[in-house]
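Text of upload.txt, listed as compact mmCIF, C-alpha atoms and all ligand atoms:
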```
# COMPACT_ATOMS: atom_id res chain seq x y z
CA MET M 2 -114.52 137.08 134.30
CA LYS M 3 -117.72 135.08 133.91
CA VAL M 4 -117.42 131.34 133.37
CA ALA M 5 -119.84 128.40 133.35
CA THR M 6 -118.63 125.93 135.98
CA VAL M 7 -119.68 122.39 136.76
CA ILE M 8 -121.68 122.63 140.00
CA ALA M 9 -123.03 119.05 140.13
CA PRO M 10 -122.71 115.98 137.86
CA GLY M 11 -124.30 117.08 134.58
CA GLU M 12 -125.05 120.62 135.75
CA LEU M 13 -123.53 124.02 134.92
CA ALA M 14 -123.95 127.46 136.51
CA VAL M 15 -122.46 130.85 135.73
CA ALA M 16 -119.80 132.00 138.24
CA GLU M 17 -116.96 134.51 138.60
CA GLN M 18 -113.30 133.50 138.25
CA ALA M 19 -110.01 135.36 137.86
CA VAL M 20 -108.87 136.01 134.27
CA PRO M 21 -105.93 133.62 133.69
CA SER M 22 -102.35 134.92 133.32
CA PRO M 23 -100.34 133.64 130.36
CA GLY M 24 -97.17 131.56 130.74
CA LEU M 25 -94.08 132.48 128.72
CA ARG M 26 -95.31 130.97 125.43
CA GLU M 27 -99.02 131.40 126.10
CA ALA M 28 -101.60 134.07 125.43
CA VAL M 29 -105.02 135.02 126.81
CA LEU M 30 -107.88 134.86 124.35
CA ARG M 31 -111.05 136.92 124.71
CA VAL M 32 -113.60 134.28 123.67
CA ASP M 33 -115.81 135.61 120.85
CA ARG M 34 -117.64 132.32 120.21
CA VAL M 35 -117.48 128.82 121.67
CA GLY M 36 -119.42 125.89 120.29
CA ILE M 37 -121.22 123.27 122.36
CA CYS M 38 -119.81 119.89 121.30
CA GLY M 39 -121.53 116.51 121.60
CA SER M 40 -118.50 115.47 123.65
CA ASP M 41 -119.27 118.25 126.15
CA LEU M 42 -122.70 116.68 126.69
CA HIS M 43 -121.16 113.21 127.15
CA TYR M 44 -118.47 114.56 129.46
CA LEU M 45 -120.46 116.92 131.69
CA PRO M 46 -121.81 114.17 134.03
CA VAL M 47 -118.23 113.05 134.86
CA ALA M 48 -116.38 116.39 134.61
CA PRO M 49 -114.59 117.68 137.76
CA LEU M 50 -116.77 119.81 140.03
CA GLY M 51 -115.79 123.48 139.83
CA GLY M 52 -114.14 122.93 136.44
CA VAL M 53 -114.82 124.75 133.18
CA ILE M 54 -115.34 122.71 130.01
CA GLY M 55 -115.69 123.78 126.34
CA HIS M 56 -113.02 123.48 123.62
CA GLU M 57 -114.48 124.83 120.34
CA PHE M 58 -113.54 128.49 120.88
CA VAL M 59 -112.30 131.35 118.74
CA GLY M 60 -111.50 134.86 119.82
CA THR M 61 -109.20 137.85 120.01
CA ILE M 62 -105.81 137.91 121.77
CA SER M 63 -105.99 140.20 124.83
CA GLU M 64 -102.62 139.49 126.49
CA VAL M 65 -99.42 137.68 125.47
CA GLY M 66 -96.69 135.94 127.49
CA ALA M 67 -93.14 137.29 127.60
CA HIS M 68 -91.69 134.91 124.95
CA VAL M 69 -94.58 135.06 122.46
CA SER M 70 -93.36 136.41 119.11
CA THR M 71 -95.94 135.41 116.51
CA LEU M 72 -99.15 136.66 118.18
CA GLY M 73 -100.11 140.19 119.15
CA ILE M 74 -102.93 141.84 121.08
CA GLY M 75 -105.96 142.18 118.79
CA ASP M 76 -105.13 139.17 116.59
CA ARG M 77 -108.18 137.02 115.88
CA VAL M 78 -107.29 133.33 116.19
CA CYS M 79 -108.61 129.82 116.53
CA SER M 80 -106.62 127.24 118.49
CA ILE M 81 -106.18 123.51 118.55
CA PRO M 82 -107.74 122.69 121.93
CA CYS M 83 -104.55 121.94 123.86
CA ILE M 84 -101.31 123.51 125.04
CA SER M 85 -98.42 121.16 124.28
CA CYS M 86 -94.75 120.98 125.30
CA GLY M 87 -93.48 122.41 122.02
CA SER M 88 -90.31 120.33 121.95
CA CYS M 89 -91.16 116.61 121.55
CA ALA M 90 -91.19 114.80 118.18
CA HIS M 91 -94.99 115.19 117.83
CA CYS M 92 -94.89 118.93 118.59
CA LEU M 93 -92.01 119.52 116.19
CA LYS M 94 -94.05 117.78 113.46
CA GLY M 95 -97.01 120.13 114.05
CA ASP M 96 -99.07 117.44 115.77
CA PRO M 97 -99.53 118.89 119.28
CA MET M 98 -102.56 116.74 120.17
CA LYS M 99 -100.33 113.65 120.22
CA CYS M 100 -97.90 115.33 122.66
CA LEU M 101 -97.72 113.29 125.87
CA GLU M 102 -97.36 116.51 127.91
CA SER M 103 -100.40 118.13 126.29
CA ARG M 104 -102.79 120.02 128.58
CA LEU M 105 -106.22 119.62 127.03
CA HIS M 106 -108.75 122.42 126.85
CA GLY M 107 -112.18 121.63 128.22
CA SER M 108 -111.23 118.80 130.59
CA GLY M 109 -112.21 121.03 133.53
CA GLU M 110 -109.04 120.04 135.39
CA GLU M 111 -107.08 123.28 135.11
CA ALA M 112 -108.22 126.89 135.70
CA GLY M 113 -108.15 129.06 132.57
CA MET M 114 -108.32 126.06 130.20
CA GLY M 115 -112.09 125.91 129.63
CA GLY M 116 -113.81 127.61 126.71
CA PHE M 117 -117.18 128.26 128.38
CA ALA M 118 -115.71 131.48 129.74
CA GLU M 119 -115.07 135.08 128.79
CA TYR M 120 -111.31 134.42 128.55
CA VAL M 121 -109.21 131.29 127.99
CA LEU M 122 -105.49 130.46 127.90
CA VAL M 123 -104.02 129.38 124.56
CA GLY M 124 -100.57 128.24 123.46
CA GLU M 125 -98.73 130.25 120.82
CA ALA M 126 -97.86 127.13 118.79
CA GLU M 127 -101.46 125.88 118.67
CA CYS M 128 -103.01 129.10 117.35
CA VAL M 129 -103.92 129.79 113.73
CA LYS M 130 -104.75 133.37 112.72
CA LEU M 131 -108.16 134.04 111.19
CA PRO M 132 -108.60 136.02 107.97
CA ASP M 133 -110.72 139.20 108.33
CA ASN M 134 -113.49 137.84 106.12
CA LEU M 135 -114.14 134.88 108.43
CA ASP M 136 -116.78 135.82 111.02
CA ALA M 137 -116.69 134.46 114.57
CA SER M 138 -119.66 132.10 114.17
CA ARG M 139 -118.28 130.26 111.14
CA ALA M 140 -114.81 130.33 112.73
CA ALA M 141 -116.21 128.59 115.82
CA LEU M 142 -116.94 125.61 113.55
CA ILE M 143 -113.25 125.18 112.64
CA GLU M 144 -112.67 122.55 115.34
CA PRO M 145 -115.62 120.26 114.46
CA LEU M 146 -114.98 120.88 110.74
CA THR M 147 -111.41 119.72 111.22
CA VAL M 148 -112.60 116.55 112.96
CA GLY M 149 -114.78 115.82 109.90
CA LEU M 150 -111.95 116.64 107.50
CA HIS M 151 -109.67 114.15 109.24
CA LEU M 152 -112.34 111.42 109.15
CA VAL M 153 -112.87 111.91 105.41
CA GLU M 154 -109.12 112.05 104.76
CA ARG M 155 -108.55 108.76 106.59
CA ALA M 156 -111.40 107.05 104.71
CA ASP M 157 -109.39 107.31 101.43
CA ILE M 158 -112.53 107.54 99.28
CA ALA M 159 -111.72 106.84 95.63
CA LEU M 160 -113.56 108.15 92.57
CA GLY M 161 -116.93 106.48 92.11
CA GLU M 162 -117.05 104.96 95.59
CA HIS M 163 -120.15 105.10 97.79
CA LEU M 164 -120.23 106.62 101.28
CA VAL M 165 -122.69 106.07 104.11
CA VAL M 166 -122.53 108.52 107.02
CA LEU M 167 -124.10 107.25 110.25
CA GLY M 168 -125.43 110.19 112.25
CA ALA M 169 -126.15 113.75 111.09
CA GLY M 170 -125.09 115.58 114.23
CA PRO M 171 -122.47 118.31 113.76
CA ILE M 172 -119.60 115.89 113.03
CA GLY M 173 -121.64 113.79 110.57
CA LEU M 174 -122.64 117.00 108.79
CA THR M 175 -119.05 118.20 108.51
CA VAL M 176 -118.18 114.79 107.04
CA VAL M 177 -120.90 115.31 104.41
CA LEU M 178 -119.58 118.79 103.63
CA TRP M 179 -115.99 117.61 103.14
CA ALA M 180 -116.98 114.51 101.20
CA ARG M 181 -118.93 116.71 98.80
CA ALA M 182 -116.07 119.26 98.58
CA ARG M 183 -113.66 116.42 97.77
CA GLY M 184 -115.80 115.14 94.94
CA VAL M 185 -117.56 112.12 96.47
CA GLU M 186 -120.57 111.49 94.23
CA HIS M 187 -122.68 109.14 96.36
CA ILE M 188 -123.38 110.16 99.97
CA LEU M 189 -126.23 108.54 101.93
CA VAL M 190 -126.85 109.84 105.46
CA SER M 191 -128.69 107.98 108.22
CA ASP M 192 -130.26 109.91 111.13
CA PRO M 193 -133.53 109.50 113.05
CA VAL M 194 -134.15 113.30 113.31
CA ALA M 195 -135.96 114.75 110.27
CA ALA M 196 -134.57 118.27 110.80
CA ARG M 197 -131.00 116.91 110.71
CA ARG M 198 -131.70 114.90 107.55
CA GLU M 199 -132.84 118.17 105.94
CA ILE M 200 -129.58 119.90 106.92
CA ALA M 201 -127.62 116.91 105.57
CA LEU M 202 -129.32 117.38 102.19
CA ALA M 203 -128.58 121.14 102.31
CA MET M 204 -124.92 120.36 103.01
CA GLY M 205 -124.42 117.92 100.14
CA ALA M 206 -125.90 114.51 100.94
CA THR M 207 -127.32 112.81 97.84
CA GLY M 208 -129.77 110.77 99.90
CA VAL M 209 -131.01 110.43 103.49
CA LEU M 210 -132.80 107.76 105.48
CA ASP M 211 -134.46 107.33 108.87
CA PRO M 212 -132.86 104.25 110.53
CA THR M 213 -135.86 103.78 112.83
CA SER M 214 -138.08 102.94 109.85
CA THR M 215 -135.66 101.98 107.05
CA ASP M 216 -133.04 99.22 106.89
CA ILE M 217 -129.69 100.76 105.91
CA VAL M 218 -128.55 97.79 103.79
CA GLU M 219 -131.86 97.75 101.89
CA ALA M 220 -131.69 101.54 101.38
CA CYS M 221 -128.18 101.26 99.89
CA GLN M 222 -129.31 98.49 97.55
CA GLN M 223 -132.28 100.61 96.49
CA HIS M 224 -130.24 103.78 95.92
CA TRP M 225 -127.14 102.28 94.38
CA GLY M 226 -127.63 98.57 93.75
CA CYS M 227 -124.59 97.92 95.96
CA LEU M 228 -123.25 98.38 99.49
CA PRO M 229 -120.95 101.31 100.34
CA GLU M 230 -117.19 100.87 100.10
CA VAL M 231 -116.92 103.33 103.00
CA VAL M 232 -118.97 103.89 106.17
CA ILE M 233 -118.09 106.80 108.45
CA GLU M 234 -119.70 106.49 111.89
CA CYS M 235 -120.58 109.69 113.75
CA MET M 236 -123.28 108.36 116.12
CA GLY M 237 -121.30 107.68 119.28
CA ARG M 238 -123.90 105.22 120.58
CA ALA M 239 -123.75 101.53 121.47
CA GLY M 240 -124.45 99.38 118.44
CA ARG M 241 -122.59 101.68 116.03
CA PHE M 242 -119.80 99.14 115.34
CA ASP M 243 -122.21 96.40 114.26
CA ILE M 244 -124.35 98.80 112.19
CA ALA M 245 -121.26 100.14 110.39
CA THR M 246 -119.59 96.78 109.73
CA GLY M 247 -122.96 95.25 108.78
CA ALA M 248 -123.62 97.93 106.17
CA VAL M 249 -120.18 98.19 104.56
CA ALA M 250 -119.28 96.24 101.40
CA ARG M 251 -116.84 93.32 101.42
CA GLY M 252 -113.28 94.64 101.55
CA GLY M 253 -114.59 98.09 102.56
CA ARG M 254 -113.51 100.59 105.18
CA VAL M 255 -115.21 101.67 108.39
CA VAL M 256 -114.02 104.84 110.07
CA LEU M 257 -115.29 105.33 113.63
CA GLY M 258 -115.52 108.96 114.71
CA GLY M 259 -118.21 108.86 117.39
CA MET M 260 -117.17 109.21 121.02
CA MET M 261 -118.31 106.60 123.51
CA PHE M 262 -117.41 106.40 127.18
CA GLU M 263 -119.21 103.08 127.79
CA PRO M 264 -117.71 99.70 126.81
CA GLU M 265 -119.40 98.16 123.77
CA THR M 266 -120.01 94.50 122.90
CA VAL M 267 -119.35 93.94 119.20
CA ASP M 268 -119.77 91.18 116.61
CA SER M 269 -116.30 90.68 115.18
CA MET M 270 -117.25 87.81 112.80
CA THR M 271 -119.01 90.08 110.29
CA PRO M 272 -116.05 92.43 109.68
CA PHE M 273 -113.70 89.42 109.85
CA MET M 274 -115.53 87.54 107.10
CA LYS M 275 -115.91 90.70 105.00
CA GLY M 276 -112.27 91.70 105.40
CA VAL M 277 -113.17 95.17 106.61
CA ARG M 278 -110.55 97.77 107.55
CA VAL M 279 -111.71 99.44 110.77
CA GLU M 280 -110.10 102.62 111.98
CA TYR M 281 -110.67 104.85 114.99
CA VAL M 282 -109.91 108.48 114.14
CA VAL M 283 -109.87 111.36 116.55
CA GLN M 284 -106.91 113.70 116.59
CA TYR M 285 -105.88 116.05 113.82
CA ALA M 286 -102.76 118.12 113.23
CA LEU M 287 -102.06 121.81 112.59
CA LYS M 288 -102.02 121.20 108.81
CA HIS M 289 -105.70 120.16 109.04
CA TYR M 290 -106.54 123.38 110.91
CA HIS M 291 -104.78 125.49 108.27
CA HIS M 292 -106.68 123.67 105.50
CA THR M 293 -110.05 124.24 107.19
CA VAL M 294 -109.34 127.96 107.74
CA GLU M 295 -108.25 128.38 104.12
CA MET M 296 -111.27 126.54 102.67
CA LEU M 297 -113.66 128.59 104.85
CA ALA M 298 -111.95 131.89 103.99
CA GLN M 299 -112.13 131.12 100.27
CA GLY M 300 -115.82 130.28 100.59
CA ARG M 301 -115.23 126.77 99.25
CA ILE M 302 -117.13 125.16 102.12
CA ASP M 303 -120.18 126.67 103.81
CA PRO M 304 -121.11 125.09 107.14
CA SER M 305 -123.63 127.81 108.10
CA PRO M 306 -126.73 125.58 107.62
CA MET M 307 -125.64 123.64 110.72
CA ILE M 308 -125.69 126.66 113.09
CA SER M 309 -128.97 126.46 115.06
CA ALA M 310 -128.54 129.27 117.59
CA VAL M 311 -126.14 131.73 119.21
CA ILE M 312 -126.79 132.13 122.95
CA SER M 313 -125.28 133.97 125.95
CA LEU M 314 -123.26 132.36 128.75
CA ALA M 315 -126.28 132.86 131.06
CA GLU M 316 -128.40 130.73 128.71
CA LEU M 317 -125.84 127.92 128.54
CA PRO M 318 -126.85 125.86 131.65
CA GLU M 319 -130.43 125.51 130.42
CA MET M 320 -129.29 124.84 126.85
CA MET M 321 -127.18 121.88 128.06
CA GLU M 322 -130.37 120.38 129.56
CA THR M 323 -132.28 121.00 126.33
CA LEU M 324 -129.56 119.34 124.25
CA ASN M 325 -129.62 116.29 126.50
CA LYS M 326 -133.26 115.64 125.60
CA PRO M 327 -134.51 114.72 122.12
CA ASN M 328 -134.31 117.92 120.06
CA ASP M 329 -134.05 119.34 116.55
CA LEU M 330 -131.02 121.53 117.28
CA CYS M 331 -127.72 121.12 115.51
CA LYS M 332 -124.71 123.29 116.45
CA VAL M 333 -125.35 125.79 119.24
CA LEU M 334 -122.76 128.55 119.74
CA VAL M 335 -122.18 130.66 122.85
CA ALA M 336 -121.15 134.34 122.68
CA PRO M 337 -119.73 134.79 126.23
CA HIS M 338 -119.55 138.60 126.03
CA SER M 339 -123.13 139.11 124.80
ZN ZN M 401 -115.66 119.23 119.78
ZN ZN M 402 -94.82 117.84 122.85
```
In structure tokens, what does this structure look like?
Amino acid sequence: MKVATVIAPGELAVAEQAVPSPGLREAVLRVDRVGICGSDLHYLPVAPLGGVIGHEFVGTISEVGAHVSTLGIGDRVCSIPCISCGSCAHCLKGDPMKCLESRLHGSGEEAGMGGFAEYVLVGEAECVKLPDNLDASRAALIEPLTVGLHLVERADIALGEHLVVLGAGPIGLTVVLWARARGVEHILVSDPVAARREIALAMGATGVLDPTSTDIVEACQQHWGCLPEVVIECMGRAGRFDIATGAVARGGRVVLGGMMFEPETVDSMTPFMKGVRVEYVVQYALKHYHHTVEMLAQGRIDPSPMISAVISLAELPEMMETLNKPNDLCKVLVAPHS
């Protein structure tokens, strides 16, 4: 099968690898679509050489292990991006990402576990079947949508409260979509890229601002006459903690969803004096996946404005370089069999 492997720090190239064989409770998925995640861009420079990354995949089951009973060849599924032990307390609760034995997709450390490939291994317990009316491109957004769903859920936004979303990359946009779907009336989105601010408005933001020319606190006062009770951070860049805690109202909540590999120096006096609740949110459970699939299938959320392009595996190495430079692109999907 064709895969995109890491050939040098930060660099991918298409190569041939053997199609993986499933373990007893595993299956092989023919990858129909796989999304490029911001975390893939952050991770590529430090990913293992020869490894295959990518974790936002959906596809069609092509082979099942001997003990698999709930999946069959031809089933279209999405999967939580890990294969867990199946027997610990977290797994039994439907929370496989917290499993200590979990093998993560996209880390590049194990053959067959990367999504930038024609085929990938999945675990039976981590798969959720896709309804027929859900096409592969929208289904490939299930993973990032679920990240956004979890961020919004943890922010506990009450009726009438104000929300600021920092960053209108794919995760920030999914936060906007869910906040709107859950009835949040006031959603202000901050992003320096004009094209992304436009998509944020199309996906339900009630206001947008460019942080390079507008002060966030002043913009909130202008829009609402108050500061937001909730700030959800989806920037993943140094400085995000101070921006979020500086903008939030006294007694408010800050939810940090951006990924950062570098240590960050933060001002802890501001959130201390304001009495801010700060939470880091990353993993989600199977119940979140099921909710996302159901809401997409019923047409109650529409993330399609955030899809910028669908490319082939051969185009992926160059696309990673493009995405690392300033650009107007939002979510780029790969169709490995095209
Ligand atoms: Zn992702
Ligand atoms: Zn487990």
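Residue nearest ligand ZN 402 (chain M) within the list M:Leu101, M:Met2, M:Val279, M:Val209: M:Leu101 [criterion: smallest interatomic distance, all atoms listed in the file].
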Taking only C-alpha atoms and all ligand atoms into account, which residues have an atom no farther than 7 Å from ligand ZN 401 (chain M)? I'd like them as a short mmCIF file (atom, residue, chain, number, x, y, z; two decimals) with C-alpha atoms, in the coordinates of the input.
```cif
data_model
loop_
_atom_site.label_atom_id
_atom_site.label_comp_id
_atom_site.auth_asym_id
_atom_site.auth_seq_id
_atom_site.Cartn_x
_atom_site.Cartn_y
_atom_site.Cartn_z
CA CYS M 38 -119.81 119.89 121.30
CA GLY M 39 -121.53 116.51 121.60
CA SER M 40 -118.50 115.47 123.65
CA HIS M 56 -113.02 123.48 123.62
CA GLU M 57 -114.48 124.83 120.34
CA GLU M 144 -112.67 122.55 115.34
CA PRO M 145 -115.62 120.26 114.46
#
```
- prompt: What residues have any atom no more than 8 Å from ligand ZN 402 (chain M) when counting all atoms listed in the file, and can you list them as number ranges by chain?
  reply: M: 85-93, 97, 99-103
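Distance check against Leu257 in chain M using all atoms listed in the file: of M:Leu189, M:Cys221, M:Val177, M:Leu152, the minimum falls on M:Leu152.
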- request: Find the residue from M:Met307, M:Ala14, M:Val190, M:Cys79 that sits nearest to Cys331 in chain M; use all atoms listed in the file when measuring.
  value: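 The answer is M:Met307, which sits nearest to Cys331 in chain M.
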query: Given the choices M:Cys227, M:Leu150, M:Val256, M:Val15, which gets closest to His289 in chain M if the distance is worked out from all atoms listed in the file?
result: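 With all atoms listed in the file as the atom set, the closest residue is M:Leu150.
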